[in-house]
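Working notes, structure below.
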Amino acid sequence: MTQVGGQEAASSHAQEAAAAHNTEAVAGIASALAGQGFAFASGAVTRSLLDDRVIQDWESFAASWDHLGLDRYMADGGRYRRRRFATFAVSDGRVRRKPPQPHYQSRDYNPLNGGVTRWFDPVTDAIATHPVTLAAIRACDRLFTGLTAPESRPRSWHVEMHQFRIEAAADGVGKPTPEGLHRDGVDWVMVLLVQRRNAASGETRIADLARRPLGHFVLGQPLDAAFTDDSRVYHGVTPIHPLDPARPATRDVLVLTFRRE
């Protein structure tokens with residue numbers, strides 16, 4: 001009995017410590033977002049945000065990026081982007097997947113690929129309900145709801161989930177944001193790095209509404225993340241190219257956007 005009680009106490013302490021780390025992670029990101037309109041979070045911070053126990057399922061989550069369809073809507077004729085897409089309604093931690101729908105951005109926000117109704121391969125059911133996906137959505141719900149003025153908080157967030165893979169070979173580059181510095185026409189954005197393979201560059205750049213530089217960083221390790229207040233800043237990512245020209249380069253990210261219904 002003593003041993004069991006000790007295990008239960010240790011488990012309780014571990015849960016309390018995890019909750020404290022999670023609170024600290026949310027507070028740090030929230031402070032940066034409130035102050036400057038963007039935040040970079042290292043993988044260690046994001047791990048705390050999502051909960052270490054969830055990340056135990058990371059391998060199956062990351063492996064799904066090997067099964068994305070080609071983005072055939074690239075107005076620049078590029079064939080360097082693969083993706084899947086899904087939408088959700090989120091309120092108070094409750095996540096409901098919406099029926100299939102297209103992705104649409106006006107040309108005001110996406111001068112390259114905007115103004116077109118774009119249907120992408122859907123996120124698979126296994127990934128839409130994956131513990132990492134749900135943890136990321138719920139963490140963003142807590143974070144972004146807390147940063148939204150009470151009188152402006154929606155009853156439900158419209159959340160769009162994008163799985164992106166950018167590819168580059170020796171004879172070309174892969175463009176994570178071919179439209180350049182841009183806003184997405186939403187309220188909040190999270191970009192989570194899933195994996196980089198043999199990729200050089202891919203620097204995230206942030207600018208104010210006058211397009212004056214505010215900061216830059218590289219999502220270099222799995223779980224590194226960027227958060228932006230889309231009403232206050234532009235964001236963009238420089239092209240990637242292979243470190244070793246004999247092998248292709250890839251950059252995999254999860255993007256979640258939150259918009260008031």
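Naming scheme: A, B, ... for chains in displayed order of the structure tokens; residues 1 onward per chain; ligands 1 onward as shown.
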
| request: Report as number ranges by chain: the residues of region 105-185 of chain A with a DSSP assignment of helix (DSSP H, G or I), based on the backbone of this structure. | output: A: 125-128, 131-147, 150-152

| task | Taking the DSSP assignment computed from this structure's backbone, write out as JSON, numbers by chain all residues of region 10-207 of chain A that belong to strand (DSSP E or B). | result | {"A": [38, 39, 40, 41, 69, 70, 81, 82, 83, 84, 85, 86, 87, 88, 89, 90, 91, 94, 95, 96, 97, 103, 118, 122, 157, 158, 159, 160, 161, 162, 163, 164, 165, 166, 167, 168, 174, 182, 188, 189, 190, 191, 192, 193, 194, 195, 196, 197, 199, 200, 201, 203, 204, 205, 206, 207]}

Please write the residues from the selection above to a file, keeping C-alpha atoms, as a JSON list (two decimals), in the first residue's frame.
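Result written to again_8.json:
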[["chain", "number", "residue", "atom", "x", "y", "z"],
["A", 38, "PHE", "CA", 4.02, 38.05, -32.34],
["A", 39, "ALA", "CA", 5.84, 35.41, -30.34],
["A", 40, "PHE", "CA", 8.44, 32.72, -30.97],
["A", 41, "ALA", "CA", 8.25, 29.64, -28.77],
["A", 69, "GLY", "CA", -1.53, 15.86, -51.87],
["A", 70, "LEU", "CA", 0.02, 18.32, -54.29],
["A", 81, "ARG", "CA", 3.89, 22.62, -51.97],
["A", 82, "ARG", "CA", 1.83, 19.74, -50.60],
["A", 83, "ARG", "CA", -1.04, 20.13, -48.18],
["A", 84, "ARG", "CA", -4.21, 18.91, -46.49],
["A", 85, "PHE", "CA", -6.96, 21.07, -45.02],
["A", 86, "ALA", "CA", -9.74, 20.88, -42.40],
["A", 87, "THR", "CA", -12.01, 23.25, -40.51],
["A", 88, "PHE", "CA", -13.33, 23.11, -36.94],
["A", 89, "ALA", "CA", -15.66, 24.95, -34.58],
["A", 90, "VAL", "CA", -14.00, 25.43, -31.19],
["A", 91, "SER", "CA", -15.51, 26.74, -27.96],
["A", 94, "ARG", "CA", -14.77, 21.61, -27.27],
["A", 95, "VAL", "CA", -13.61, 20.77, -30.77],
["A", 96, "ARG", "CA", -16.05, 19.84, -33.54],
["A", 97, "ARG", "CA", -14.94, 19.14, -37.09],
["A", 103, "HIS", "CA", -10.27, 27.39, -48.46],
["A", 118, "ARG", "CA", -9.55, 26.14, -53.42],
["A", 122, "PRO", "CA", -8.95, 16.73, -46.43],
["A", 157, "TRP", "CA", -13.99, 30.13, -33.14],
["A", 158, "HIS", "CA", -13.76, 29.13, -36.78],
["A", 159, "VAL", "CA", -10.47, 27.23, -36.96],
["A", 160, "GLU", "CA", -8.69, 26.25, -40.16],
["A", 161, "MET", "CA", -6.03, 23.55, -40.03],
["A", 162, "HIS", "CA", -3.38, 23.30, -42.74],
["A", 163, "GLN", "CA", -0.77, 20.58, -43.12],
["A", 164, "PHE", "CA", 1.97, 22.02, -45.34],
["A", 165, "ARG", "CA", 5.05, 20.40, -46.83],
["A", 166, "ILE", "CA", 7.43, 22.60, -48.84],
["A", 167, "GLU", "CA", 9.86, 20.75, -51.10],
["A", 168, "ALA", "CA", 13.05, 21.91, -52.81],
["A", 174, "GLY", "CA", 10.67, 25.83, -52.17],
["A", 182, "HIS", "CA", 1.19, 38.87, -45.86],
["A", 188, "TRP", "CA", -4.77, 34.70, -34.74],
["A", 189, "VAL", "CA", -2.25, 32.32, -36.30],
["A", 190, "MET", "CA", -0.03, 29.54, -34.97],
["A", 191, "VAL", "CA", 2.67, 27.90, -37.11],
["A", 192, "LEU", "CA", 4.19, 24.76, -35.58],
["A", 193, "LEU", "CA", 7.27, 23.13, -37.09],
["A", 194, "VAL", "CA", 6.79, 19.40, -37.50],
["A", 195, "GLN", "CA", 10.08, 18.56, -39.21],
["A", 196, "ARG", "CA", 12.84, 19.88, -41.44],
["A", 197, "ARG", "CA", 14.94, 17.60, -43.62],
["A", 199, "ALA", "CA", 16.65, 22.37, -45.50],
["A", 200, "ALA", "CA", 18.58, 25.63, -45.39],
["A", 201, "SER", "CA", 16.98, 29.02, -44.67],
["A", 203, "GLU", "CA", 13.52, 32.24, -41.97],
["A", 204, "THR", "CA", 10.29, 33.62, -40.52],
["A", 205, "ARG", "CA", 10.08, 37.41, -40.82],
["A", 206, "ILE", "CA", 7.64, 39.67, -39.01],
["A", 207, "ALA", "CA", 6.75, 43.25, -39.99]]

| request: Skip Gln56 (chain A) itself and residues of its chain fewer than 6 positions away, then list as number ranges by chain all residues within 12 Å of it, counting only C-alpha atoms. | output: A: 47, 50, 62, 130-132

| request: Measuring atom to atom with only C-alpha atoms, identify which of A:Pro245, A:Ala135, A:Asp92, A:Val26 is nearest to Ser156 (chain A). | output: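 That would be A:Asp92, the residue with the smallest distance to Ser156 (chain A).
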
| request: Go ahead and compute the interatomic distance for CA of Arg260 (chain A) and CA of Ile55 (chain A), in Å to one decimal. | output: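 Straight-line distance from CA of Arg260 (chain A) to CA of Ile55 (chain A) works out to 28.4 Å.
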
| said: Let me make sure I understand: among A:Gly43, A:Pro154, A:Gly37, A:Gly78, which one has the smallest atom-to-atom distance to Asp230 (chain A) if we use only C-alpha atoms? | reply: A:Gly37

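In terms of minimum interatomic distance to Asp171 (chain A), A:Pro242 ranks closest within A:Gly28, A:Gly93, A:Pro242, A:Gly220, counting only C-alpha atoms.
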
| said: Residues near Ala63 (chain A), anyone? I mean within 12 Å using only C-alpha atoms, not counting same-chain ones fewer than 2 positions away, as number ranges by chain. | reply: A: 57-61, 65-68, 126-127, 163, 165, 194-195, 252

Selected residues written out, N, CA and C atoms, as a PDB file, in the first residue's frame:
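File written: result17.pdb
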ATOM      1  N   ASP A  57       2.836  10.697 -28.643  1.00  0.00           N
ATOM      2  CA  ASP A  57       2.244  10.234 -29.907  1.00  0.00           C
ATOM      3  C   ASP A  57       2.774  11.016 -31.104  1.00  0.00           C
ATOM      4  N   TRP A  58       3.880  11.734 -30.926  1.00  0.00           N
ATOM      5  CA  TRP A  58       4.383  12.628 -31.964  1.00  0.00           C
ATOM      6  C   TRP A  58       4.741  11.909 -33.262  1.00  0.00           C
ATOM      7  N   GLU A  59       5.347  10.738 -33.186  1.00  0.00           N
ATOM      8  CA  GLU A  59       5.846  10.070 -34.389  1.00  0.00           C
ATOM      9  C   GLU A  59       4.728   9.783 -35.388  1.00  0.00           C
ATOM     10  N   SER A  60       3.599   9.288 -34.924  1.00  0.00           N
ATOM     11  CA  SER A  60       2.506   8.988 -35.845  1.00  0.00           C
ATOM     12  C   SER A  60       1.925  10.275 -36.423  1.00  0.00           C
ATOM     13  N   PHE A  61       1.926  11.334 -35.637  1.00  0.00           N
ATOM     14  CA  PHE A  61       1.462  12.638 -36.105  1.00  0.00           C
ATOM     15  C   PHE A  61       2.370  13.152 -37.213  1.00  0.00           C
ATOM     16  N   TRP A  65       2.658  13.672 -42.560  1.00  0.00           N
ATOM     17  CA  TRP A  65       3.103  14.637 -43.574  1.00  0.00           C
ATOM     18  C   TRP A  65       3.707  13.957 -44.800  1.00  0.00           C
ATOM     19  N   ASP A  66       3.967  12.660 -44.712  1.00  0.00           N
ATOM     20  CA  ASP A  66       4.468  11.923 -45.876  1.00  0.00           C
ATOM     21  C   ASP A  66       3.346  11.556 -46.842  1.00  0.00           C
ATOM     22  N   HIS A  67       2.105  11.963 -46.525  1.00  0.00           N
ATOM     23  CA  HIS A  67       0.958  11.544 -47.335  1.00  0.00           C
ATOM     24  C   HIS A  67       0.065  12.745 -47.673  1.00  0.00           C
ATOM     25  N   LEU A  68       0.671  13.828 -48.094  1.00  0.00           N
ATOM     26  CA  LEU A  68      -0.079  15.021 -48.471  1.00  0.00           C
ATOM     27  C   LEU A  68      -0.203  15.116 -49.990  1.00  0.00           C
ATOM     28  N   ALA A 126      -7.847  10.280 -38.802  1.00  0.00           N
ATOM     29  CA  ALA A 126      -6.880   9.891 -37.776  1.00  0.00           C
ATOM     30  C   ALA A 126      -6.084  11.089 -37.275  1.00  0.00           C
ATOM     31  N   ILE A 127      -5.773  12.031 -38.176  1.00  0.00           N
ATOM     32  CA  ILE A 127      -5.005  13.211 -37.767  1.00  0.00           C
ATOM     33  C   ILE A 127      -5.917  14.299 -37.219  1.00  0.00           C
ATOM     34  N   GLN A 163      -2.025  21.345 -43.125  1.00  0.00           N
ATOM     35  CA  GLN A 163      -0.770  20.584 -43.118  1.00  0.00           C
ATOM     36  C   GLN A 163      -0.005  20.985 -44.377  1.00  0.00           C
ATOM     37  N   ARG A 165       3.669  20.837 -46.567  1.00  0.00           N
ATOM     38  CA  ARG A 165       5.053  20.399 -46.831  1.00  0.00           C
ATOM     39  C   ARG A 165       5.587  21.227 -47.999  1.00  0.00           C
ATOM     40  N   VAL A 194       6.878  20.845 -37.700  1.00  0.00           N
ATOM     41  CA  VAL A 194       6.793  19.399 -37.497  1.00  0.00           C
ATOM     42  C   VAL A 194       8.148  18.753 -37.767  1.00  0.00           C
ATOM     43  N   GLN A 195       8.780  19.143 -38.872  1.00  0.00           N
ATOM     44  CA  GLN A 195      10.078  18.557 -39.212  1.00  0.00           C
ATOM     45  C   GLN A 195      10.725  19.325 -40.361  1.00  0.00           C
ATOM     46  N   ASP A 252       8.117  20.831 -43.035  1.00  0.00           N
ATOM     47  CA  ASP A 252       6.747  20.452 -42.695  1.00  0.00           C
ATOM     48  C   ASP A 252       6.246  21.321 -41.546  1.00  0.00           C
TER      49      ASP A 252
END

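Among A:Arg53, A:Asn198, A:Ala27, A:Cys140, the residue with the shortest atom-to-atom distance to Ala249 (chain A), counting only C-alpha atoms, is A:Asn198.
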
| request: Enter the distance from CA of Phe144 (chain A) to CA of Gly185 (chain A), in Å, rounded to one decimal. | output: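 So the answer is 15.5 Å.
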
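For the choices A:Val218, A:Val253, A:Ala44, A:Val237, the atom-to-atom distance to Asn22 (chain A) is smallest for A:Ala44 when using only C-alpha atoms.
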